[in-house]
Amino acid sequence: MSLIQISGLKKSFQGTEVIKGLDFSLGKGKCIALLGPNGAGKTTTLRMLSGLMAPTSGTITFTDAKKGEDIRHFIGYLPQFPVFYEWMSGLEFLIYSGKLAGLKHKQAKERAMELLQLVGIMDAKNRRVGKYSGGMKQRLGIAQALIHSPELIMLDEPVSALDPLGRREVLDLLEGLKKETTILFSTHILNDAEEVCDEILFLHNGEIVESGTMNELRDRHQQAKIDFIFKTKSEEIETYFTNHELTQSVNIDGKRNSVFVKDIERARQIFLQEILEKNWPLEKFELSSMTLEDVFMKVVRK
Amino acid sequence: MDALAQYAPILLPIVIIQLILLIVSIIDLVRIEKTNGPKWLWAIIILFVNIIGPILYFVIGRRNN
Amino acid sequence: MIQWMTLLQKELLEMWRNFKWIWMPISFILIGVQKPITTYYMPQIIDSLGGLPEGAVLKIPTPTAREVIMQGLGEYTSLGALIIVLSTMGIIAAERKSGVAAMILVKPVSFTSFVTSKWAGGVLLMWLSFFIGCLTTWYYTGLLFDWVPFGEFLQAYFFYALWFTFILTVSVFFSSMLRTSGTAGFISLAVVIIVSIVSSTLSRWLEWSPAQLTSYANEILLDKGVSEYLLPAGLLAGVCIIILLALSVMIFRKKELAA
């Protein structure tokens with residue numbers, strides 16, 4: 001079930017096309033990472049989806065929105081550098097944004113307290129936002145994005161500006177939010193995406209160059225290689241690897257058998273078992289796999 | 001002394017109001033993190049430029065947000 | 001409407017927290033009270049400055065209460081206008097520049113409400129501060145000279161305030177159009193000064209100009225009766241205010257908030 005449908009989304013600044021036609025849809029309840037190097041167009045894309053920026057062409061459609069309905073009701077957005085009214089307290093700001101999103105004062109306050117607890121800045125709720133640290137502002141930003149329980153929250157580089165500890169905490173927070181709502185977050189750090197997300201959209205130079213679920217991406221790109229080095233060269237061993245059903249291809253170089261497989265875990269287990277059973281003279285074995293990091297690099301260099 | 005007693009009811013309210021403005025601006029200057037231009041300069045302007053000093057501070061010196 | 005009230009409440013609260021509710025009325029009081037006091041104490045002031053040379057006779061006719069109050073309000077046309085522009089020039093530009101406008105406008109907030117609530121907050125503060133200021137002028141004039149009828153004073157106040165509302169709206173307009181508050185303030189002042197100068201030099205032909213409102217208010221204060229052009233000038237000011245506000249909203253909507 002898709003929540004939002006994007007088609008032919010383009011954006012030009014002074015004649016330069018920054019976003020060159022995006023087509024994708026986001027599934028309900030998913031956590032999607034918008035991944036790409038700096039300058040790929042991640043922020044521009046999110047700003048267009050949030051309604052802050054008008055696309056040059058293309059459409060953004062919410063499945064649940066009636067015709068002409070303000071899509072901002074469905075969205076919570078956290079910009080890369082969230083800014084607040086510094087003279088307000090954290091609690092006041094949350095209540096204010098809740099009321100602007102259509103909540104009654106009482107509802108807004110209850111929800112605000114709930115979220116302050118969730119993002120872990122309850123202790124600072126009455127302190128002026130001007131006195132908050134970067135990490136606390138980021139959390140308050142996440143809380144304000146969630147205040148009206150939107151169907152989609154979009155976070156622009158939510159962890160990039162944080163120190164390792166803060167980053168860990170925010171990632172855990174996102175992990176917890178997955179149950180409540182659909183999340184789209186941009187990042188240039190692959191590990192962050194890998195850790196929390198089910199799906200990835202690779203953005204590069206304003207185009208989606210690769211997308212899919214984690215598993216799909218792995219299947220498509222991940223190729224694992226197992227090197228077996230034996231004491232002696234053996235025809236029997238070579239035929240075993242060549243003809244095995246898990247094998248995709250084999251490179252034989254003297255005593256070295258390099259076996260390319262898809263499922264590295266199973267292959268390792270089965271091959272090692274066979275080697276033990278047959279008591280083949282294994283001297284050394286080595287696993288190497290193509291990680292998403294490699295995929296990322298490959299995609300970016302293309 | 002007679003003259004002073006004569007002027008007091010008229011001038012005193014003005015002096016008080018002016019004092020309030022002065023105190024409020026000083027409190028604000030102390031509490032605020034940043035001003036447009038150096039803080040000490042605003043302190044001098046508020047303290048030594050009568051009436052106009054505090055007003056100038058609020059209008060120009062105070063940085064919102 | 002509920003949302004508009006929320007936005008307005010925030011404006012009023014902000015003005016309280018940054019002391020606008022204190023310093024604006026006080027500034028207006030101090031501006032307005034100067035004229036009656038200095039006029040009244042002029043002989044003493046001259047004395048304290050060393051007095052007049054022997055034989056010289058002070059030939060300043062004692063002004064009437066009506067003249068004093070008119071001069072008192074006159075002080076506002078320059079200083080008051082300056083304060084109004086400087087304190088509203090950042091009302092939208094500063095929030096856009098800091099990025100907080102973008103934080104607010106990703107919520108389902110109408111652009112019209114966003115702009116008009118800010119304008120309304122500014123108008124409320126200005127009308128109140130100016131009223132308190134004028135009232136002190138009136139009171140001190142009454143105390144030291146003679147009492148000017150309150151009704152006439154109120155009429156004059158209203159038309160002065162209408163002119164100031166026009167100035168404030170010009171300032172809001174440029175604040176929504178330009179990126180920096182400084183330029184917005186500068187251009188607003190330039191526009192207001194030009195409108196005033198042109199209107200007063202060509203006053204014969206531009207009787208309906210909103211800038212003439214203060215002269216008509218002065219005529220009321222001097223008991224010269226109500227000018228037949230007061231109504232057209234007042235109406236035109238109202239129309240200008242509405243058009244400027246509508247344009248502010250339109251321009252603000254078109255701006256890319258997050259650029």
# chains A, B, ... in the order shown; residues from 1 in each chain; ligands from 1
>>> interface_residues(of="chain A", to="chain C", cutoff="7 Å", atoms="only C-alpha atoms", output="PDB file with N, CA and C atoms, in the first residue's frame")
ATOM      1  N   SER A  50       7.882  18.407   1.268  1.00  0.00           N
ATOM      2  CA  SER A  50       7.259  19.012   2.441  1.00  0.00           C
ATOM      3  C   SER A  50       6.423  20.233   2.078  1.00  0.00           C
ATOM      4  N   GLY A  51       6.500  20.651   0.832  1.00  0.00           N
ATOM      5  CA  GLY A  51       5.705  21.796   0.406  1.00  0.00           C
ATOM      6  C   GLY A  51       6.396  23.126   0.603  1.00  0.00           C
ATOM      7  N   LEU A  52       7.652  23.102   1.074  1.00  0.00           N
ATOM      8  CA  LEU A  52       8.382  24.350   1.282  1.00  0.00           C
ATOM      9  C   LEU A  52       8.863  24.935  -0.029  1.00  0.00           C
ATOM     10  N   MET A  53       8.967  24.067  -1.041  1.00  0.00           N
ATOM     11  CA  MET A  53       9.537  24.517  -2.298  1.00  0.00           C
ATOM     12  C   MET A  53       8.630  23.970  -3.398  1.00  0.00           C
ATOM     13  N   ASP A  70      -4.794  20.218   2.002  1.00  0.00           N
ATOM     14  CA  ASP A  70      -3.433  20.660   2.317  1.00  0.00           C
ATOM     15  C   ASP A  70      -2.590  19.451   2.741  1.00  0.00           C
ATOM     16  N   ARG A  72       0.175  19.318   3.961  1.00  0.00           N
ATOM     17  CA  ARG A  72       1.008  19.523   5.142  1.00  0.00           C
ATOM     18  C   ARG A  72       0.410  18.862   6.388  1.00  0.00           C
ATOM     19  N   HIS A  73      -0.910  18.547   6.324  1.00  0.00           N
ATOM     20  CA  HIS A  73      -1.517  17.813   7.437  1.00  0.00           C
ATOM     21  C   HIS A  73      -0.892  16.437   7.617  1.00  0.00           C
ATOM     22  N   TYR A  77       8.089  17.452   9.309  1.00  0.00           N
ATOM     23  CA  TYR A  77       9.364  17.686   8.632  1.00  0.00           C
ATOM     24  C   TYR A  77      10.394  18.253   9.596  1.00  0.00           C
ATOM     25  N   VAL A  83      15.455  25.359  13.466  1.00  0.00           N
ATOM     26  CA  VAL A  83      15.517  26.644  14.170  1.00  0.00           C
ATOM     27  C   VAL A  83      14.204  26.822  14.910  1.00  0.00           C
ATOM     28  N   PHE A  84      14.275  27.412  16.084  1.00  0.00           N
ATOM     29  CA  PHE A  84      13.071  27.594  16.879  1.00  0.00           C
ATOM     30  C   PHE A  84      12.970  29.046  17.311  1.00  0.00           C
ATOM     31  N   TYR A  85      11.830  29.384  17.922  1.00  0.00           N
ATOM     32  CA  TYR A  85      11.773  30.673  18.596  1.00  0.00           C
ATOM     33  C   TYR A  85      12.536  30.499  19.891  1.00  0.00           C
ATOM     34  N   LEU A 100      -0.948  24.893  15.860  1.00  0.00           N
ATOM     35  CA  LEU A 100      -0.939  25.321  14.460  1.00  0.00           C
ATOM     36  C   LEU A 100      -1.362  24.184  13.554  1.00  0.00           C
ATOM     37  N   ALA A 101      -1.065  22.946  13.975  1.00  0.00           N
ATOM     38  CA  ALA A 101      -1.429  21.794  13.154  1.00  0.00           C
ATOM     39  C   ALA A 101      -2.872  21.371  13.407  1.00  0.00           C
TER      40      ALA A 101
END
>>> closest_atom_pairs(of="chain A", to="chain B", cutoff="12 Å", atoms="only C-alpha atoms", output="tab-separated table")
residue	atom	partner	partner_atom	distance
A:Val83	CA	B:Asn65	CA	9.3
A:Phe84	CA	B:Asn65	CA	8.2
A:Tyr85	CA	B:Asn65	CA	6.3
A:Glu86	CA	B:Asn65	CA	5.6
A:Trp87	CA	B:Asn65	CA	7.1
A:Met88	CA	B:Asn65	CA	10.0
A:Arg128	CA	B:Asn65	CA	11.4
A:Val129	CA	B:Asn65	CA	10.1
A:Gly130	CA	B:Asn65	CA	8.1
A:Lys131	CA	B:Glu33	CA	9.7
>>> write_last_selection(atoms="N, CA and C atoms", output="PDB file, in the first residue's frame")
ATOM      1  N   VAL A  83      15.455  25.359  13.466  1.00  0.00           N
ATOM      2  CA  VAL A  83      15.517  26.644  14.170  1.00  0.00           C
ATOM      3  C   VAL A  83      14.204  26.822  14.910  1.00  0.00           C
ATOM      4  N   PHE A  84      14.275  27.412  16.084  1.00  0.00           N
ATOM      5  CA  PHE A  84      13.071  27.594  16.879  1.00  0.00           C
ATOM      6  C   PHE A  84      12.970  29.046  17.311  1.00  0.00           C
ATOM      7  N   TYR A  85      11.830  29.384  17.922  1.00  0.00           N
ATOM      8  CA  TYR A  85      11.773  30.673  18.596  1.00  0.00           C
ATOM      9  C   TYR A  85      12.536  30.499  19.891  1.00  0.00           C
ATOM     10  N   GLU A  86      13.671  31.149  19.975  1.00  0.00           N
ATOM     11  CA  GLU A  86      14.560  30.867  21.104  1.00  0.00           C
ATOM     12  C   GLU A  86      13.998  31.365  22.425  1.00  0.00           C
ATOM     13  N   TRP A  87      13.065  32.275  22.368  1.00  0.00           N
ATOM     14  CA  TRP A  87      12.490  32.814  23.608  1.00  0.00           C
ATOM     15  C   TRP A  87      11.401  31.915  24.163  1.00  0.00           C
ATOM     16  N   MET A  88      11.027  30.873  23.389  1.00  0.00           N
ATOM     17  CA  MET A  88      10.026  29.938  23.911  1.00  0.00           C
ATOM     18  C   MET A  88      10.733  28.800  24.631  1.00  0.00           C
ATOM     19  N   ARG A 128      14.444  27.679  28.167  1.00  0.00           N
ATOM     20  CA  ARG A 128      14.326  28.368  26.878  1.00  0.00           C
ATOM     21  C   ARG A 128      15.115  27.621  25.810  1.00  0.00           C
ATOM     22  N   VAL A 129      14.540  27.508  24.600  1.00  0.00           N
ATOM     23  CA  VAL A 129      15.183  26.761  23.529  1.00  0.00           C
ATOM     24  C   VAL A 129      16.560  27.341  23.206  1.00  0.00           C
ATOM     25  N   GLY A 130      16.703  28.637  23.405  1.00  0.00           N
ATOM     26  CA  GLY A 130      17.988  29.286  23.179  1.00  0.00           C
ATOM     27  C   GLY A 130      19.122  28.659  23.972  1.00  0.00           C
ATOM     28  N   LYS A 131      18.769  27.999  25.081  1.00  0.00           N
ATOM     29  CA  LYS A 131      19.808  27.405  25.925  1.00  0.00           C
ATOM     30  C   LYS A 131      20.031  25.925  25.618  1.00  0.00           C
TER      31      LYS A 131
END
>>> closest_residue(among="C:Tyr160, C:Trp16, C:Trp21, C:Tyr140", to="chain B", atoms="only C-alpha atoms")
C:Tyr140
>>> interface_residues(of="chain B", to="chain C", cutoff="12 Å", atoms="only C-alpha atoms", output="ChimeraX atom specification")
/B:3,6-7,9-11,13-29,31-32,50-65
>>> residues_around(residues="Lys39 (chain B)", least_positions_apart="4", cutoff="9 Å", atoms="only C-alpha atoms", output="ChimeraX atom specification")
/B:29-30,34-35,43-44,61
>>> select_by_dssp(residues="chain B", states="alpha helix (DSSP H)", output="tab-separated table (two decimals) with N, CA and C atoms, in the first residue's frame")
chain	number	residue	atom	x	y	z
B	2	ASP	N	11.94	75.33	47.18
B	2	ASP	CA	10.54	75.57	46.87
B	2	ASP	C	10.21	75.20	45.44
B	3	ALA	N	11.12	75.62	44.57
B	3	ALA	CA	10.93	75.35	43.15
B	3	ALA	C	10.84	73.85	42.90
B	4	LEU	N	11.73	73.12	43.57
B	4	LEU	CA	11.77	71.68	43.37
B	4	LEU	C	10.45	71.04	43.77
B	5	ALA	N	9.92	71.49	44.94
B	5	ALA	CA	8.65	70.95	45.43
B	5	ALA	C	7.53	71.27	44.45
B	6	GLN	N	7.71	72.38	43.79
B	6	GLN	CA	6.69	72.81	42.85
B	6	GLN	C	6.72	71.95	41.57
B	7	TYR	N	7.94	71.60	41.15
B	7	TYR	CA	8.06	70.82	39.92
B	7	TYR	C	7.83	69.33	40.12
B	8	ALA	N	8.08	68.88	41.33
B	8	ALA	CA	8.11	67.44	41.57
B	8	ALA	C	6.89	66.69	41.04
B	9	PRO	N	5.66	67.14	41.38
B	9	PRO	CA	4.50	66.34	40.93
B	9	PRO	C	4.45	66.20	39.41
B	10	ILE	N	4.99	67.18	38.73
B	10	ILE	CA	4.94	67.14	37.28
B	10	ILE	C	6.08	66.31	36.70
B	11	LEU	N	7.25	66.53	37.23
B	11	LEU	CA	8.42	65.88	36.63
B	11	LEU	C	8.68	64.48	37.16
B	12	LEU	N	8.22	64.24	38.39
B	12	LEU	CA	8.54	62.95	39.01
B	12	LEU	C	8.04	61.75	38.19
B	13	PRO	N	6.79	61.75	37.73
B	13	PRO	CA	6.33	60.60	36.94
B	13	PRO	C	7.23	60.33	35.74
B	14	ILE	N	7.66	61.42	35.10
B	14	ILE	CA	8.51	61.27	33.92
B	14	ILE	C	9.83	60.62	34.31
B	15	VAL	N	10.38	61.10	35.41
B	15	VAL	CA	11.66	60.55	35.86
B	15	VAL	C	11.51	59.06	36.18
B	16	ILE	N	10.38	58.73	36.83
B	16	ILE	CA	10.16	57.32	37.18
B	16	ILE	C	10.06	56.44	35.93
B	17	ILE	N	9.28	56.92	34.98
B	17	ILE	CA	9.11	56.17	33.74
B	17	ILE	C	10.45	55.97	33.04
B	18	GLN	N	11.23	57.03	33.05
B	18	GLN	CA	12.54	56.97	32.43
B	18	GLN	C	13.41	55.94	33.14
B	19	LEU	N	13.30	55.91	34.46
B	19	LEU	CA	14.07	54.93	35.25
B	19	LEU	C	13.65	53.50	34.91
B	20	ILE	N	12.32	53.31	34.79
B	20	ILE	CA	11.83	51.97	34.45
B	20	ILE	C	12.46	51.51	33.14
B	21	LEU	N	12.41	52.41	32.15
B	21	LEU	CA	12.97	52.09	30.84
B	21	LEU	C	14.45	51.73	30.98
B	22	LEU	N	15.15	52.52	31.78
B	22	LEU	CA	16.58	52.29	31.98
B	22	LEU	C	16.83	50.91	32.60
B	23	ILE	N	16.06	50.61	33.65
B	23	ILE	CA	16.26	49.34	34.36
B	23	ILE	C	15.93	48.15	33.46
B	24	VAL	N	14.78	48.26	32.77
B	24	VAL	CA	14.38	47.16	31.88
B	24	VAL	C	15.45	46.91	30.83
B	25	SER	N	15.97	47.99	30.26
B	25	SER	CA	16.96	47.80	29.20
B	25	SER	C	18.25	47.18	29.76
B	26	ILE	N	18.62	47.57	30.97
B	26	ILE	CA	19.83	46.99	31.57
B	26	ILE	C	19.62	45.50	31.86
B	27	ILE	N	18.45	45.17	32.45
B	27	ILE	CA	18.14	43.76	32.72
B	27	ILE	C	18.22	42.95	31.43
B	28	ASP	N	17.59	43.50	30.38
B	28	ASP	CA	17.57	42.78	29.12
B	28	ASP	C	18.98	42.62	28.56
B	29	LEU	N	19.76	43.67	28.66
B	29	LEU	CA	21.12	43.62	28.13
B	29	LEU	C	21.95	42.55	28.85
B	30	VAL	N	21.72	42.44	30.15
B	30	VAL	CA	22.47	41.44	30.91
B	30	VAL	C	22.06	40.03	30.52
B	31	ARG	N	20.75	39.85	30.34
B	31	ARG	CA	20.25	38.50	30.07
B	31	ARG	C	20.46	38.03	28.64
B	39	LYS	N	28.53	44.35	23.47
B	39	LYS	CA	27.64	44.58	24.61
B	39	LYS	C	28.06	45.79	25.44
B	40	TRP	N	29.37	45.91	25.69
B	40	TRP	CA	29.83	47.01	26.56
B	40	TRP	C	29.45	48.36	25.99
B	41	LEU	N	29.47	48.44	24.63
B	41	LEU	CA	29.12	49.69	23.97
B	41	LEU	C	27.67	50.05	24.27
B	42	TRP	N	26.81	49.02	24.21
B	42	TRP	CA	25.40	49.27	24.50
B	42	TRP	C	25.21	49.65	25.96
B	43	ALA	N	26.00	49.05	26.85
B	43	ALA	CA	25.91	49.40	28.26
B	43	ALA	C	26.19	50.89	28.44
B	44	ILE	N	27.22	51.36	27.75
B	44	ILE	CA	27.57	52.78	27.85
B	44	ILE	C	26.46	53.65	27.29
B	45	ILE	N	25.96	53.25	26.11
B	45	ILE	CA	24.91	54.05	25.47
B	45	ILE	C	23.68	54.14	26.37
B	46	ILE	N	23.28	52.98	26.93
B	46	ILE	CA	22.09	52.97	27.78
B	46	ILE	C	22.28	53.86	29.00
B	47	LEU	N	23.47	53.74	29.62
B	47	LEU	CA	23.69	54.46	30.88
B	47	LEU	C	23.89	55.95	30.69
B	48	PHE	N	24.54	56.32	29.59
B	48	PHE	CA	24.94	57.72	29.49
B	48	PHE	C	24.16	58.56	28.49
B	52	ILE	N	17.16	58.52	25.03
B	52	ILE	CA	17.36	57.96	23.69
B	52	ILE	C	18.18	56.66	23.77
B	53	GLY	N	19.12	56.59	24.72
B	53	GLY	CA	19.99	55.42	24.82
B	53	GLY	C	19.23	54.11	24.92
B	54	PRO	N	18.39	53.95	25.95
B	54	PRO	CA	17.63	52.70	26.06
B	54	PRO	C	16.74	52.43	24.86
B	55	ILE	N	16.11	53.48	24.33
B	55	ILE	CA	15.24	53.28	23.16
B	55	ILE	C	16.07	52.77	21.98
B	56	LEU	N	17.22	53.41	21.78
B	56	LEU	CA	18.11	52.98	20.70
B	56	LEU	C	18.49	51.52	20.87
>>> atom_distance(atom1="CA of Lys35 (chain C)", atom2="CA of Gly72 (chain C)")
5.1 Å
>>> atom_distance(atom1="CA of Thr77 (chain C)", atom2="CA of Leu154 (chain C)")
16.7 Å
>>> atom_distance(atom1="CA of Gly29 (chain A)", atom2="CA of Gly206 (chain A)")
25.5 Å
>>> residues_around(residues="region 199-203 of chain A", least_positions_apart="4", cutoff="10 Å", atoms="only C-alpha atoms", output="ChimeraX atom specification")
/A:19,22,24,26-27,30-42,45,184-186,188,190,193-194,207-217,296,299-300
>>> residues_around(residues="Glu228 (chain C)", least_positions_apart="6", cutoff="10 Å", atoms="only C-alpha atoms", output="JSON, numbers by chain")
{"C": [207, 208, 216]}
>>> residues_around(residues="region 271-279 of chain A", least_positions_apart="6", cutoff="10 Å", atoms="only C-alpha atoms", output="PDB file with N, CA and C atoms, in the first residue's frame")
ATOM      1  N   ILE A 226      34.769 -16.590  -1.776  1.00  0.00           N
ATOM      2  CA  ILE A 226      35.474 -17.365  -0.758  1.00  0.00           C
ATOM      3  C   ILE A 226      36.729 -17.942  -1.405  1.00  0.00           C
ATOM      4  N   PHE A 228      39.679 -20.534  -1.122  1.00  0.00           N
ATOM      5  CA  PHE A 228      40.218 -21.720  -0.425  1.00  0.00           C
ATOM      6  C   PHE A 228      41.614 -21.979  -0.956  1.00  0.00           C
ATOM      7  N   ILE A 237      38.800 -31.618  -5.854  1.00  0.00           N
ATOM      8  CA  ILE A 237      38.299 -30.412  -5.192  1.00  0.00           C
ATOM      9  C   ILE A 237      37.757 -29.427  -6.212  1.00  0.00           C
ATOM     10  N   TYR A 240      34.469 -30.380  -7.451  1.00  0.00           N
ATOM     11  CA  TYR A 240      33.443 -30.211  -6.422  1.00  0.00           C
ATOM     12  C   TYR A 240      32.928 -28.769  -6.421  1.00  0.00           C
ATOM     13  N   PHE A 241      33.852 -27.830  -6.364  1.00  0.00           N
ATOM     14  CA  PHE A 241      33.438 -26.423  -6.322  1.00  0.00           C
ATOM     15  C   PHE A 241      32.736 -26.000  -7.605  1.00  0.00           C
ATOM     16  N   HIS A 244      29.158 -27.410  -7.733  1.00  0.00           N
ATOM     17  CA  HIS A 244      28.234 -27.248  -6.608  1.00  0.00           C
ATOM     18  C   HIS A 244      27.134 -26.245  -6.933  1.00  0.00           C
ATOM     19  N   LEU A 246      25.638 -24.085  -5.109  1.00  0.00           N
ATOM     20  CA  LEU A 246      25.763 -22.740  -4.540  1.00  0.00           C
ATOM     21  C   LEU A 246      26.731 -21.856  -5.313  1.00  0.00           C
ATOM     22  N   PHE A 285      41.643 -20.122   4.423  1.00  0.00           N
ATOM     23  CA  PHE A 285      40.461 -19.688   3.667  1.00  0.00           C
ATOM     24  C   PHE A 285      40.062 -18.271   4.070  1.00  0.00           C
TER      25      PHE A 285
END
>>> residues_around(residues="region 192-195 of chain C", least_positions_apart="5", cutoff="12 Å", atoms="only C-alpha atoms", output="list in words")
Thr77, Ser78, Ala81, Leu82, Ile84, Val85, Trp163, Phe164, Thr165, Phe166, Ile167, Leu168, Thr169, Val170, Ser171, Phe174, Gly185, Phe186, Ile187, Ser200, Thr201, Leu202, Ser203, Leu206, Ser209, Pro210, Ala211 and Gln212 of chain C
>>> decode(residues="region 14-31 of chain B", atoms="N, CA and C atoms", output="short mmCIF file (atom, residue, chain, number, x, y, z; two decimals), in the first residue's frame")
data_model
loop_
_atom_site.label_atom_id
_atom_site.label_comp_id
_atom_site.auth_asym_id
_atom_site.auth_seq_id
_atom_site.Cartn_x
_atom_site.Cartn_y
_atom_site.Cartn_z
N ILE B 14 7.66 61.42 35.10
CA ILE B 14 8.51 61.27 33.92
C ILE B 14 9.83 60.62 34.31
N VAL B 15 10.38 61.10 35.41
CA VAL B 15 11.66 60.55 35.86
C VAL B 15 11.51 59.06 36.18
N ILE B 16 10.38 58.73 36.83
CA ILE B 16 10.16 57.32 37.18
C ILE B 16 10.06 56.44 35.93
N ILE B 17 9.28 56.92 34.98
CA ILE B 17 9.11 56.17 33.74
C ILE B 17 10.45 55.97 33.04
N GLN B 18 11.23 57.03 33.05
CA GLN B 18 12.54 56.97 32.43
C GLN B 18 13.41 55.94 33.14
N LEU B 19 13.30 55.91 34.46
CA LEU B 19 14.07 54.93 35.25
C LEU B 19 13.65 53.50 34.91
N ILE B 20 12.32 53.31 34.79
CA ILE B 20 11.83 51.97 34.45
C ILE B 20 12.46 51.51 33.14
N LEU B 21 12.41 52.41 32.15
CA LEU B 21 12.97 52.09 30.84
C LEU B 21 14.45 51.73 30.98
N LEU B 22 15.15 52.52 31.78
CA LEU B 22 16.58 52.29 31.98
C LEU B 22 16.83 50.91 32.60
N ILE B 23 16.06 50.61 33.65
CA ILE B 23 16.26 49.34 34.36
C ILE B 23 15.93 48.15 33.46
N VAL B 24 14.78 48.26 32.77
CA VAL B 24 14.38 47.16 31.88
C VAL B 24 15.45 46.91 30.83
N SER B 25 15.97 47.99 30.26
CA SER B 25 16.96 47.80 29.20
C SER B 25 18.25 47.18 29.76
N ILE B 26 18.62 47.57 30.97
CA ILE B 26 19.83 46.99 31.57
C ILE B 26 19.62 45.50 31.86
N ILE B 27 18.45 45.17 32.45
CA ILE B 27 18.14 43.76 32.72
C ILE B 27 18.22 42.95 31.43
N ASP B 28 17.59 43.50 30.38
CA ASP B 28 17.57 42.78 29.12
C ASP B 28 18.98 42.62 28.56
N LEU B 29 19.76 43.67 28.66
CA LEU B 29 21.12 43.62 28.13
C LEU B 29 21.95 42.55 28.85
N VAL B 30 21.72 42.44 30.15
CA VAL B 30 22.47 41.44 30.91
C VAL B 30 22.06 40.03 30.52
N ARG B 31 20.75 39.85 30.34
CA ARG B 31 20.25 38.50 30.07
C ARG B 31 20.46 38.03 28.64
#
